[in-house]
Each structure stands twice: as structure tokens, then as C-alpha cells.
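Student: Have a look at the structure that comes next, please.
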There are 2 protein chains.
Amino acid sequence: MTQKPFHHGNLRAVLLDEATMVLRESGVDGLSLRDLARRAGVSHGAPRSHFVDRQSLLDALAELGFDRLTVAVRTALGGAGDLSARFGRVARAYVDFAIDDAALMELMFQAKATGRPGRIEEAAGALFSTLDGALGARSAEGDDESRDVFKMLFAATMQGIAALVASGRIERAQGDRLVDAAMETMLGSALGMRAVTSS
Amino acid sequence: MTQKPFHHGNLRAVLLDEATMVLRESGVDGLSLRDLARRAGVSHGAPRSHFVDRQSLLDALAELGFDRLTVAVRTALGGAGDLSARFGRVARAYVDFAIDDAALMELMFQAKATGRPGRIEEAAGALFSTLDGALGARSAEGDDESRDVFKMLFAATMQGIAALVASGRIERAQGDRLVDAAMETMLGSALGMRAVTSS
DNA sequence: CCTATTTTCTAGACACCGCCTAGATTGAGC
DNA sequence: GCTCAATCTAGGCGGTGTCTAGAAAATAGG
């Protein structure tokens with residue numbers, strides 16, 4: 001058996017992995033640099049070489065979270081199907097992610113609140129532009145402002161539903177039904193508007 | 001000048017007051033029992049007579065938060081005006097509260113997530129039944145399920161908008177516009193697109 | 001190949017925190 | 001007035017994040 005080498009080699013990745021797991025089952029409060037170091041089998045000061053701060057570790061986690069969410073949304077968007085079907089998939093993917101990784105989601109959003117510009121903004125931007133493109137395909141005719149409003153309203157509603165489910169206020173199945181209802185009213189009103197104006 | 005009395009007298013209230021302020025400007029992480037004790041001019045162990053836990057203090061804060069939100073919603077609901085006007089006021093009051101006391105709001109909802117039954121549930125229930133009554137007055141005609149869906153969708157959307165604003169992703173003014181748009185689409189689709197066609 | 005430099009990790013220290021305990025002080029009820 | 005429960009003090013324990021000095025290993029340059 002090999003002696004534990006002085007250099008771990010890929011501590012950073014291991015720490016992030018471990019942190020992701022801890023985050024899932026213990027929340028942000030259960031995350032401690034010292035504990036992560038212990039799990040990785042290094043001294044308590046080792047993580048400092050990769051993350052100056054505890055916040056720095058949290059930021060990195062948030063960034064990875066945005067990447068993952070972006071991928072999820074993109075694949076949900078990519079498949080074939082009706083327009084509302086694709087939107088429904090996106091919505092569900094979004095909500096699912098927010099529920100399964102509630103603590104991560106929290107991190108991702110409060111990260112922007114603290115306002116540190118950085119790679120997080122970039123990752124978040126990627127997600128938003130993805131969403132933007134999808135919505136742009138929908139209402140090529142609508143004016144820019146109403147498109148923006150629709151986009152934000154979409155995001156807000158998904159976020160809200162996810163929050164309700166994640167906080168245990170409503171069941172997951174109900175959450176799905178809510179997603180459907182939301183899509184219906186939003187798309188319905190939007191499409192209705194178009195029909196009215198075009199007639 | 002009077003000597004500092006051994007018995008503070010109303011430590012509990014002072015601690016809660018101080019905690020509310022700290023919560024507003026430093027978030028949950030900035031809340032420490034020892035710091036609160038220092039601010040109140042008592043020893044670091046004193047708060048323990050009133051709050052066994054740190055969590056216990058947080059729970060008390062959440063409960064007060066629900067009370068305040070309920071009052072805000074109730075007064076917004078009480079005034080005169082059009083049906084959609086009153087709804088708009090409620091929505092705005094809800095969002096305003098969630099923005100001004102974002103950390104408190106977070107506490108209130110994660111408190112339910114941890115699932116401890118107690119007075120928080122009670123306070124939260126009061127808020128919800130208030131909202132319920134208001135929504136019940138609206139759609140006396142709709143079936144129960146659609147009413148429930150509408151209620152939850154309403155709450156979710158408000159929550160989501162508040163989260164977007166609180167996280168600094170969108171401006172407050174945009175948040176207000178979002179609230180209007182949300183009310184429009186939701187009431188519109190529910191009431192037969194009256195609002196939509198009028199825009 | 002050998003040396004200089006940079007990165008990575010160890011180890012110890014400091015201040016802070018939540019929580020626990022023993023004991024002093026006070027106010028209230030008998 | 002005396003007892004008793006509530007309140008507050010003071011000290012200690014283990015845990016944490018952060019800082020520092022220095023050892024160890026990878027990397028680069030001659």
C-alpha cells in the first residue's frame with residue numbers, strides 16, 4: 001500500500017466533490033472547511049491553497065451549479081416536440097433542479113446578492129442567455145419589453161414553485177401540476193394576446 | 001445614574017429587537033448569540049434563559065416575521081378599491097416585505113422546511129388563511145381545485161419575483177412592473193382574458 | 001543533471017462561536 | 001420572612017475560520 005503522498009494532486013476537485021455531497025445532505029451550515037479537509041485526508045490548512053475563503057469555496061460551488069443547470073435546461077430545450085411541450089420540459093427541469101439541490105440553488109442566488117463580480121456572473125449569464133434564446137424563438141413578433149417581462153415572469157414563477165416545494169409547503173406532485181398550470185396561463189395569455197393583436 | 005440591575009427585565013424583547021436589526025443588515029450568518037448579549041449589555045450566557053438554542057431564537061424571529069407579514073397583507077386587503085387593485089396591493093405588500101426583510105423571509109420559509117411543529121406553523125397558518133379568504137372572495141364560481149391552484153400560483157409567483165429582486169438580479173422598479181404583469185396574466189386568464197384584451 | 005522557484009501542504013496559533021455547568025442574585029408567592 | 005423558581009454571571013469545552021512560518025514536492029531554467 002502506498003504511503004499517503006505529501007501532494008494530494010487534485011485536492012481542489014476532491015474538495016468540491018465532497019462539498020457538493022455535504023451540501024446536499026447537510027445544507028450550507030453543515031459545510032466546514034476543516035471537515036472537508038478531514039474527509040480528503042489533508043491538514044486543516046490545506047484547502048487554503050485552493051480557496052482563500054470559505055466564501056470562495058461557496059462561490060465555486062455556485063458556479064458549478066449554474067453550469068449544471070444550464071446544461072439541464074439546454075438538453076430539455078433541445079428535444080423535439082411542441083412548443084409548449086418543450087417549455088414544459090424546461091420548466092420541469094428547472095424546478096427539479098431547484099428541488100434536488102435546494103441548498104445549492106440558494107447559494108447560487110445569494111451569490112449574486114453579495115454582488116461579487118466574477119466567474120459566477122459569467123455562468124449565470126450563460127444560463128440566462130440560454131433561456132433568452134428559447135424565449136426569443138417563441139415570440140419573434142412581440143416587442144422587446146414584453147419579451148423581457150415574459151422571461152422574467154417565467155423565471156420568477158419557476159423559482160417560486162421550486163421554493164414552495166423545497167420548503168415542504170406543497171408536495172412534489174402538486175408542484176408539477178403547478179408548473180403545468182403556470183405554463184398554461186402564461187402561454188395562454190401570451191398567445192391570446194398575439195391572436196388579438198394580429199386579428 | 002442607576003447601577004446596571006442584575007435583572008435586565010425584558011431581555012427577551014431586547015434580544016429580538018436587536019436580532020431583527022442585525023438580521024436586516026448582516027444576514028443570518030451575522031447573527032450570534034454572544035454578540036446580541038454584548039449589545040444588550042448582559043453576559044454571554046444570559047440569552048440561554050430565553051432561548052435554549054440559537055435555532056430557538058431564529059424560530060422566534062420567524063414567528064414575528066409571519067405576524068408582521070400577515071398584518072401587512074391584511075391591511076393591504078382591507079382598503080377600498082377595485083378587486084384587481086386590492087390584489088395588486090397585496091402582491092406589492094408581499095413583495096416589498098420579502099425584499100426589505102429578505103433574510104427574515106428566508107428564515108420563515110426554511111423554518112417550515114425543518115418541519116418543527118410549533119407556533120411558527122400557527123403564525124404561518126394565519127397568513128395563509130388570510131390569503132385564502134381574500135382569494136375565496138374572488139372566485140366564488142370556480143371549483144375548489146382551480147382555486148387552490150390559483151392561490152399557490154399566486155404565492156409562488158410573488159415569492160419568485162421577490163427572490164429575483166432580493167438577489168439583485170433585477171431592479172425594484174422592474175419588480176413592480178413584474179407584479180403588475182403577473183396580476184394581469186393571472187387574473188386575466190382566470191377571468192376570461194378581460195385584462196388581456198384591455199391592454 | 002542540478003539548482004532555483006513556485007506551488008502545495010503541515011502545524012501551530014488566535015479569536016470567535018454555540019453549548020454546557022455551577023453558582024450568585026433577584027423577584028414572586030406562600 | 002422564607003422558600004423557590006426565574007434570571008443572570010462566569011468559566012470551560014470543542015468546534016470553526018483565518019493567519020503565519022516553514023517543510024515538501026513539482027516545475028522550470030541553466
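Letters for chains follow the order of the C-alpha cells (A, B, ...), residue numbers begin at 1 for each chain, and ligand numbers begin at 1 in the order shown.
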Chain D residues within 10 Å of chain B, counting only C-alpha atoms (C1' of nucleotides): which ones, as a PyMOL selection string?
Tutor: chain D and resi 6-10
Student: Keeping all heavy atoms for every residue in the selection just given, could you write it to a file as a short mmCIF file (atom, residue, chain, number, x, y, z; two decimals), in the first residue's frame?
Tutor:
```cif
data_model
loop_
_atom_site.label_atom_id
_atom_site.label_comp_id
_atom_site.auth_asym_id
_atom_site.auth_seq_id
_atom_site.Cartn_x
_atom_site.Cartn_y
_atom_site.Cartn_z
P DA D 6 -39.59 28.39 36.78
OP1 DA D 6 -40.81 28.23 35.97
OP2 DA D 6 -38.52 27.39 36.75
"O5'" DA D 6 -38.96 29.82 36.44
"C5'" DA D 6 -39.69 30.99 36.78
"C4'" DA D 6 -38.79 32.21 36.69
"O4'" DA D 6 -37.81 32.16 37.76
"C3'" DA D 6 -37.98 32.31 35.39
"O3'" DA D 6 -38.13 33.63 34.88
"C2'" DA D 6 -36.54 32.02 35.82
"C1'" DA D 6 -36.54 32.51 37.26
N9 DA D 6 -35.55 31.85 38.10
C8 DA D 6 -35.38 30.50 38.28
N7 DA D 6 -34.40 30.20 39.12
C5 DA D 6 -33.91 31.43 39.51
C6 DA D 6 -32.87 31.79 40.39
N6 DA D 6 -32.12 30.91 41.06
N1 DA D 6 -32.63 33.12 40.56
C2 DA D 6 -33.39 34.01 39.89
N3 DA D 6 -34.39 33.78 39.04
C4 DA D 6 -34.60 32.46 38.90
P DT D 7 -37.54 34.02 33.45
OP1 DT D 7 -38.39 35.09 32.91
OP2 DT D 7 -37.32 32.76 32.71
"O5'" DT D 7 -36.12 34.66 33.78
"C5'" DT D 7 -36.07 35.86 34.55
"C4'" DT D 7 -34.65 36.13 34.98
"O4'" DT D 7 -34.16 35.04 35.79
"C3'" DT D 7 -33.64 36.26 33.85
"O3'" DT D 7 -33.29 37.63 33.73
"C2'" DT D 7 -32.46 35.39 34.27
"C1'" DT D 7 -32.77 35.09 35.72
N1 DT D 7 -32.23 33.80 36.25
C2 DT D 7 -31.24 33.82 37.19
O2 DT D 7 -30.74 34.86 37.59
N3 DT D 7 -30.83 32.59 37.64
C4 DT D 7 -31.33 31.36 37.25
O4 DT D 7 -30.88 30.32 37.72
C5 DT D 7 -32.38 31.40 36.27
C7 DT D 7 -33.00 30.13 35.78
C6 DT D 7 -32.78 32.61 35.81
P DC D 8 -32.40 38.11 32.47
OP1 DC D 8 -32.67 39.55 32.28
OP2 DC D 8 -32.62 37.17 31.36
"O5'" DC D 8 -30.90 37.95 33.00
"C5'" DC D 8 -30.42 38.83 34.00
"C4'" DC D 8 -29.14 38.30 34.60
"O4'" DC D 8 -29.35 36.96 35.07
"C3'" DC D 8 -27.96 38.21 33.62
"O3'" DC D 8 -26.97 39.17 33.97
"C2'" DC D 8 -27.43 36.78 33.80
"C1'" DC D 8 -28.11 36.31 35.07
N1 DC D 8 -28.32 34.83 35.08
C2 DC D 8 -27.61 34.05 35.99
O2 DC D 8 -26.82 34.60 36.77
N3 DC D 8 -27.80 32.71 36.00
C4 DC D 8 -28.67 32.16 35.15
N4 DC D 8 -28.83 30.83 35.20
C5 DC D 8 -29.42 32.94 34.21
C6 DC D 8 -29.22 34.27 34.21
P DT D 9 -25.52 39.13 33.21
OP1 DT D 9 -24.99 40.49 33.24
OP2 DT D 9 -25.68 38.41 31.93
"O5'" DT D 9 -24.62 38.23 34.17
"C5'" DT D 9 -24.44 38.62 35.52
"C4'" DT D 9 -23.29 37.83 36.15
"O4'" DT D 9 -23.70 36.45 36.30
"C3'" DT D 9 -22.00 37.82 35.33
"O3'" DT D 9 -20.90 38.02 36.21
"C2'" DT D 9 -21.97 36.44 34.71
"C1'" DT D 9 -22.72 35.59 35.73
N1 DT D 9 -23.45 34.43 35.17
C2 DT D 9 -23.19 33.17 35.64
O2 DT D 9 -22.37 32.95 36.51
N3 DT D 9 -23.92 32.17 35.06
C4 DT D 9 -24.87 32.31 34.07
O4 DT D 9 -25.48 31.33 33.62
C5 DT D 9 -25.09 33.65 33.61
C7 DT D 9 -26.10 33.91 32.53
C6 DT D 9 -24.38 34.64 34.17
P DA D 10 -19.45 38.37 35.63
OP1 DA D 10 -18.79 39.25 36.61
OP2 DA D 10 -19.58 38.77 34.23
"O5'" DA D 10 -18.74 36.94 35.68
"C5'" DA D 10 -18.94 36.11 36.81
"C4'" DA D 10 -18.22 34.78 36.61
"O4'" DA D 10 -19.14 33.82 36.04
"C3'" DA D 10 -17.03 34.86 35.65
"O3'" DA D 10 -15.97 34.11 36.19
"C2'" DA D 10 -17.57 34.24 34.36
"C1'" DA D 10 -18.53 33.21 34.92
N9 DA D 10 -19.61 32.83 34.00
C8 DA D 10 -20.23 33.63 33.07
N7 DA D 10 -21.16 33.02 32.39
C5 DA D 10 -21.15 31.73 32.89
C6 DA D 10 -21.91 30.59 32.57
N6 DA D 10 -22.86 30.57 31.64
N1 DA D 10 -21.64 29.44 33.27
C2 DA D 10 -20.68 29.46 34.21
N3 DA D 10 -19.91 30.49 34.59
C4 DA D 10 -20.20 31.60 33.89
#
```
Student: Could you list, with a cut-off of 9 Å and counting only C-alpha atoms (C1' of nucleotides), the residues of chain C near chain A, each shown with its nearest atom pair and the distance in Å rounded to one decimal, rows sorted by chain and ascending number, as CSV?
Tutor:
```
residue,atom,partner,partner_atom,distance
C:DT7,C1',A:Ser49,CA,8.6
C:DT8,C1',A:His7,CA,6.5
C:DC9,C1',A:Ala46,CA,5.6
C:DT10,C1',A:Ser43,CA,6.4
C:DA11,C1',A:Ser43,CA,8.4
```
Student: Produce a file of the selected residues containing N, CA and C atoms (P, O5', C5', C4', C3', O3' and C1' of nucleotides), as an mmCIF file, in the first residue's frame.
Tutor:
```cif
data_model
loop_
_atom_site.group_PDB
_atom_site.id
_atom_site.type_symbol
_atom_site.label_atom_id
_atom_site.label_comp_id
_atom_site.auth_asym_id
_atom_site.auth_seq_id
_atom_site.Cartn_x
_atom_site.Cartn_y
_atom_site.Cartn_z
ATOM 1 P P DT C 7 3.024 30.175 -8.174
ATOM 2 O "O5'" DT C 7 2.442 28.780 -7.669
ATOM 3 C "C5'" DT C 7 2.510 27.672 -8.559
ATOM 4 C "C4'" DT C 7 2.354 26.375 -7.783
ATOM 5 C "C3'" DT C 7 1.103 26.314 -6.891
ATOM 6 O "O3'" DT C 7 0.343 25.185 -7.275
ATOM 7 C "C1'" DT C 7 3.020 25.583 -5.708
ATOM 8 P P DT C 8 -1.114 24.909 -6.676
ATOM 9 O "O5'" DT C 8 -0.789 23.967 -5.430
ATOM 10 C "C5'" DT C 8 -0.253 22.663 -5.650
ATOM 11 C "C4'" DT C 8 0.199 22.068 -4.339
ATOM 12 C "C3'" DT C 8 -0.906 21.945 -3.289
ATOM 13 O "O3'" DT C 8 -1.134 20.564 -3.051
ATOM 14 C "C1'" DT C 8 1.127 22.724 -2.351
ATOM 15 P P DC C 9 -2.401 20.125 -2.167
ATOM 16 O "O5'" DC C 9 -1.792 20.035 -0.694
ATOM 17 C "C5'" DC C 9 -0.916 18.959 -0.371
ATOM 18 C "C4'" DC C 9 -0.176 19.262 0.908
ATOM 19 C "C3'" DC C 9 -1.029 19.308 2.179
ATOM 20 O "O3'" DC C 9 -0.824 18.111 2.928
ATOM 21 C "C1'" DC C 9 0.671 21.001 2.134
ATOM 22 P P DT C 10 -1.457 18.030 4.430
ATOM 23 O "O5'" DT C 10 -0.352 18.651 5.393
ATOM 24 C "C5'" DT C 10 0.946 18.081 5.421
ATOM 25 C "C4'" DT C 10 1.742 18.616 6.598
ATOM 26 C "C3'" DT C 10 1.028 18.534 7.948
ATOM 27 O "O3'" DT C 10 1.958 18.067 8.921
ATOM 28 C "C1'" DT C 10 1.668 20.775 7.515
ATOM 29 P P DA C 11 1.453 17.572 10.348
ATOM 30 O "O5'" DA C 11 1.709 18.869 11.244
ATOM 31 C "C5'" DA C 11 2.925 19.576 11.094
ATOM 32 C "C4'" DA C 11 2.908 20.801 11.999
ATOM 33 C "C3'" DA C 11 2.015 20.668 13.246
ATOM 34 O "O3'" DA C 11 2.709 21.220 14.351
ATOM 35 C "C1'" DA C 11 1.398 22.584 12.039
#
```
Student: Hey, which of B:Val95, B:Ala111, B:Glu121, B:Lys151 ends up closest to Leu164 in chain B? Count only C-alpha atoms.
Tutor: B:Val95
Student: RMSD over all C-alpha atoms, chain B superposed on chain A in order?
Tutor: 2.8 Å
Student: Return the neighbours of chain B among the residues of chain A, cut-off 7 Å, counting only C-alpha atoms, as a VMD selection string.
Tutor: chain A and resid 109 to 110 112 to 113 149 153 156 to 157 159 to 161 164 167 to 168 178 185 to 186 189 193
Student: With N, CA and C atoms retained, write the just-selected residues as an mmCIF file, in the first residue's frame.
Tutor:
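Result went into part09.cif, see below:
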```cif
data_model
loop_
_atom_site.group_PDB
_atom_site.id
_atom_site.type_symbol
_atom_site.label_atom_id
_atom_site.label_comp_id
_atom_site.auth_asym_id
_atom_site.auth_seq_id
_atom_site.Cartn_x
_atom_site.Cartn_y
_atom_site.Cartn_z
ATOM 1 N N PHE A 109 -28.123 31.912 -5.823
ATOM 2 C CA PHE A 109 -28.812 33.198 -5.906
ATOM 3 C C PHE A 109 -28.291 34.206 -4.911
ATOM 4 N N GLN A 110 -27.948 33.754 -3.743
ATOM 5 C CA GLN A 110 -27.413 34.720 -2.794
ATOM 6 C C GLN A 110 -26.009 35.124 -3.199
ATOM 7 N N LYS A 112 -25.198 36.128 -6.082
ATOM 8 C CA LYS A 112 -25.352 37.357 -6.847
ATOM 9 C C LYS A 112 -25.695 38.512 -5.926
ATOM 10 N N ALA A 113 -26.395 38.207 -4.864
ATOM 11 C CA ALA A 113 -26.799 39.265 -3.949
ATOM 12 C C ALA A 113 -25.589 39.953 -3.345
ATOM 13 N N VAL A 149 -40.336 40.885 -19.989
ATOM 14 C CA VAL A 149 -41.258 40.662 -18.882
ATOM 15 C C VAL A 149 -41.648 39.195 -18.820
ATOM 16 N N LEU A 153 -40.864 36.756 -15.754
ATOM 17 C CA LEU A 153 -42.020 36.175 -15.080
ATOM 18 C C LEU A 153 -41.909 34.658 -15.083
ATOM 19 N N ALA A 156 -39.269 33.774 -12.531
ATOM 20 C CA ALA A 156 -39.770 34.023 -11.183
ATOM 21 C C ALA A 156 -40.756 32.950 -10.755
ATOM 22 N N THR A 157 -41.656 32.597 -11.655
ATOM 23 C CA THR A 157 -42.664 31.607 -11.307
ATOM 24 C C THR A 157 -42.036 30.250 -11.017
ATOM 25 N N GLN A 159 -38.990 29.675 -10.097
ATOM 26 C CA GLN A 159 -38.266 29.834 -8.842
ATOM 27 C C GLN A 159 -39.224 29.716 -7.652
ATOM 28 N N GLY A 160 -40.341 30.384 -7.762
ATOM 29 C CA GLY A 160 -41.303 30.375 -6.664
ATOM 30 C C GLY A 160 -41.865 29.000 -6.412
ATOM 31 N N ILE A 161 -42.237 28.306 -7.467
ATOM 32 C CA ILE A 161 -42.780 26.957 -7.307
ATOM 33 C C ILE A 161 -41.739 26.050 -6.656
ATOM 34 N N LEU A 164 -41.495 26.712 -3.033
ATOM 35 C CA LEU A 164 -42.622 26.160 -2.274
ATOM 36 C C LEU A 164 -42.427 24.676 -2.021
ATOM 37 N N SER A 167 -39.391 23.962 0.321
ATOM 38 C CA SER A 167 -39.633 24.286 1.727
ATOM 39 C C SER A 167 -40.663 23.357 2.345
ATOM 40 N N GLY A 168 -41.122 22.389 1.575
ATOM 41 C CA GLY A 168 -42.031 21.395 2.129
ATOM 42 C C GLY A 168 -43.456 21.882 2.282
ATOM 43 N N LEU A 178 -48.627 22.520 -10.626
ATOM 44 C CA LEU A 178 -48.493 23.974 -10.644
ATOM 45 C C LEU A 178 -47.720 24.440 -11.871
ATOM 46 N N THR A 185 -51.401 29.235 -18.180
ATOM 47 C CA THR A 185 -51.863 30.621 -18.090
ATOM 48 C C THR A 185 -50.897 31.575 -18.791
ATOM 49 N N MET A 186 -49.602 31.330 -18.631
ATOM 50 C CA MET A 186 -48.654 32.259 -19.232
ATOM 51 C C MET A 186 -48.658 32.167 -20.747
ATOM 52 N N SER A 189 -52.120 33.294 -22.101
ATOM 53 C CA SER A 189 -52.355 34.734 -22.172
ATOM 54 C C SER A 189 -51.470 35.355 -23.242
ATOM 55 N N MET A 193 -52.863 37.093 -26.499
ATOM 56 C CA MET A 193 -52.551 38.466 -26.827
ATOM 57 C C MET A 193 -52.188 38.598 -28.297
#
```
Student: Going by DSSP on the backbone, which residues of range 29-137 of chain A come out as helix (DSSP H, G or I)? List them as a count of residues only.
Tutor: 86
Student: Name the residues in contact with Phe128 in chain B at a cut-off of 12 Å, using only C-alpha atoms (C1' of nucleotides), excluding same-chain residues fewer than 2 positions from it; report them as a list in words.
Tutor: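 The residues that qualify are Arg169 of chain A; Phe66, Asp67, Leu69, Thr70, Val71, Val73, Arg74, Glu121, Glu122, Ala123, Ala124, Gly125, Ala126, Thr130, Leu131, Asp132, Gly133, Ala134, Leu135, Gly136, Asp148, Lys151, Met152, Phe154 and Ala155 of chain B.
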Student: Just to confirm, what's the straight-line distance from CA of Thr75 in chain A to CA of Ala103 in chain A in Å (one decimal)?
Tutor: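 Pair CA of Thr75 in chain A / CA of Ala103 in chain A returns 22.8 Å.
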